[in-house]
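Notes to accompany the following structure.
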Amino acid sequence: MDIKVYMNDLGVKARKAGREISRAESGEKNRALLLIADAIEQNADSLIAENQKDLISGKANGLDSALLDRLTLSPKAIQTMVEGLKQVAALPDPVGEISDLCFRPSGIQVGQMRVPLGVIGIIYESRPNVTVDAAALCLKSGNACILRGGSESIHSNQAIAVCIAEGLTRAGLSVEAVQIVATADRAAVGELITMNQYVDVIVPRGGKGLIERISKDATIPVIKHLDGICHVYIDDSADIEKAIAIAVNAKTHRYGVCNAMETLLIAESIAPKVLPRLADEYRQKNVVLRGCAKTCLLLPGCNRATEEDWLTEYLAPILSIKIVSSLNEAIEHINHYGSLHTDAIVTEDYSKVRRFLREVDSSSVMVNASTRFADGFEYGLGAEIGISTDKLHARGPVGLKGLTSLKYIVLGDGHIRQ
């Protein structure tokens, strides 16, 4: 296969399909999403069988437990994909929405209309469910997409591609609106991220190495986040039972995800009461604890945290703990060591809530809730195409509106400028 020719062909088809899908009515797009959901449900056994091929290959190639977890398509995971498609179909269609329409002194009306971005290239690792989430969000927002999953999920993604094509065909929409790269050759990625004439934006989802490479080499705008160094700060006015439940869930619900807590911050005045209870919970779940000097005095056997620990996204059962003197120190630590992803405070003090929400510079800031809620599905977006920690265009979980842009519209009736 000539990769350059192959990718160029995908780009030509995507650009044409993008123009077609941008004109599709909401009902047509919703019908396609529901038909794709039907196809996935009906082919669940086949999807699991193809996924098993990837899992067997992944284990043979030494994939770690976190990657294998992301790669696995269980019956529950398949049902979640189906529900995500149905939820996206039920969401309001943002395309064509007009806002801020007002008369100007000249008599013209000026407003803004929401429009698709065009063609979106998405590069991801391990998770086959991303194929469905990305296809659903791109279709509903009127965009064509080129999806390039990792080589470790090639069988799963091609099986999902068949279901997506079936749904699009039955709905009467172009099957080329969603194209899934059929080669594991890494050269395909290099082509995709430099096809400016066909692709309008790139979304990388995966490890830090992948995202750094895409951000460095792409000649197309990139929506991204690099790390998920998420914090939970337990304030001295926290409800202790809430704090323990949130801190345990944020770390142990799942380890290999970007919205898992990696650093726990706790107010010095309540640390002696809370930390021993938390340490017992973590040790029951085999979480390795690394703490500051004060933490190590309170928790015998706790390893001493290094500067590197505060900067590390573990994606594993390891947790850094720091005792802080005040809310000020907690906020300073988060803004210095955080990755702008998700950070939470546990407190019953409303004035501290307001400060934390205002001063913590992250794409999701939470009050009395686990960081694990930083997710498009949980936010009611139906699914997400990724998390953005950038400050331009889209921030946080990127759903339908994040895949559209605004253009100005002007309405007149023979008006000329005087």
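Order determines the names: the first chain of the structure tokens is A, the second B, and so forth; residues in each chain are numbered 1 upward, and ligands are numbered 1 upward as they are shown.
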
Exercise: Lys4 of chain A partners within 12 Å, only C-alpha atoms, chain neighbours under 5 positions left out, as a list in words: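 Contacts, in chain order: Asp9, Leu10, Gly11, Thr183, Asp185, Arg186, Ala187, Ala188, Val189, Gly190, Glu191, Leu192, Thr194 and Met195 of chain A.
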
Segment 12-23 of chain A surroundings by only C-alpha atoms, 8 Å radius, close-in-sequence under 2 positions cut, as a PyMOL selection string: chain A and resi 8-10+25+116+118-119+139+141-146+173-174+176-179+198-199

Could you write out that same residue set with C-alpha atoms as a short mmCIF file (atom, residue, chain, number, x, y, z; two decimals), in the first residue's frame?
```cif
data_model
loop_
_atom_site.label_atom_id
_atom_site.label_comp_id
_atom_site.auth_asym_id
_atom_site.auth_seq_id
_atom_site.Cartn_x
_atom_site.Cartn_y
_atom_site.Cartn_z
CA ASN A 8 -4.92 11.38 0.14
CA ASP A 9 -7.84 9.31 -1.16
CA LEU A 10 -9.40 9.28 2.33
CA GLU A 25 -31.20 17.56 8.52
CA PRO A 116 -19.53 22.49 11.50
CA GLY A 118 -15.57 20.45 8.36
CA VAL A 119 -13.32 17.38 8.51
CA LEU A 139 -22.00 13.09 12.61
CA SER A 141 -22.33 18.16 14.60
CA GLY A 142 -22.31 17.91 10.79
CA ASN A 143 -18.63 16.99 10.40
CA ALA A 144 -16.94 14.24 8.44
CA CYS A 145 -14.15 12.42 10.24
CA ILE A 146 -11.09 10.28 9.59
CA LEU A 173 -26.05 9.13 4.26
CA SER A 174 -22.57 8.89 2.77
CA GLU A 176 -17.48 8.22 3.70
CA ALA A 177 -18.63 10.67 6.37
CA VAL A 178 -16.89 8.31 8.82
CA GLN A 179 -13.69 6.71 7.52
CA TYR A 198 -8.60 18.11 3.54
CA VAL A 199 -8.56 18.17 7.36
#
```

Given only C-alpha atoms as the counted atoms, nearest of A:Ile387, A:Ile123, A:Ala369, A:Ala305 to Arg290 of chain A: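 With only C-alpha atoms as the atom set, the closest residue is A:Ala305.
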
Strand (DSSP E) call set, DSSP backbone run, segment 41-252 of chain A, as JSON, numbers by chain: {"A": [98, 99, 100, 101, 102, 103, 109, 110, 111, 112, 113, 114, 115, 116, 119, 120, 121, 122, 123, 124, 144, 145, 146, 147, 148, 178, 179, 180, 201, 202, 203, 204, 205, 230, 231, 232, 233, 234]}

Backbone DSSP call of alpha helix (DSSP H) for segment 68-298 of chain A, listed as a ChimeraX atom specification: /A:68-71,75-90,129-140,154-171,187-192,208-217,240-252,271-284,293-298

Nearby residues (only C-alpha atoms) at most 12 Å from Phe373 of chain A, same-chain spacing under 3 positions excluded, as a PyMOL selection string: chain A and resi 230+246+249-250+253-254+257-261+341-344+364-370+376-380+396-397

Å distance separating atom CA of Thr169 of chain A from atom CA of Asn30 of chain A, one decimal place: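 It comes out at 13.4 Å.
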
Ser106 of chain A surroundings by only C-alpha atoms, 12 Å radius, close-in-sequence under 5 positions cut, as JSON, numbers by chain: {"A": [410, 411, 412, 413, 414, 415, 416, 417, 418]}

Atom CA of Asn328 of chain A to atom CA of Leu264 of chain A, distance in Å rounded to a single decimal: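 Atom CA of Leu264 of chain A lies at a distance of 15.2 Å from atom CA of Asn328 of chain A.
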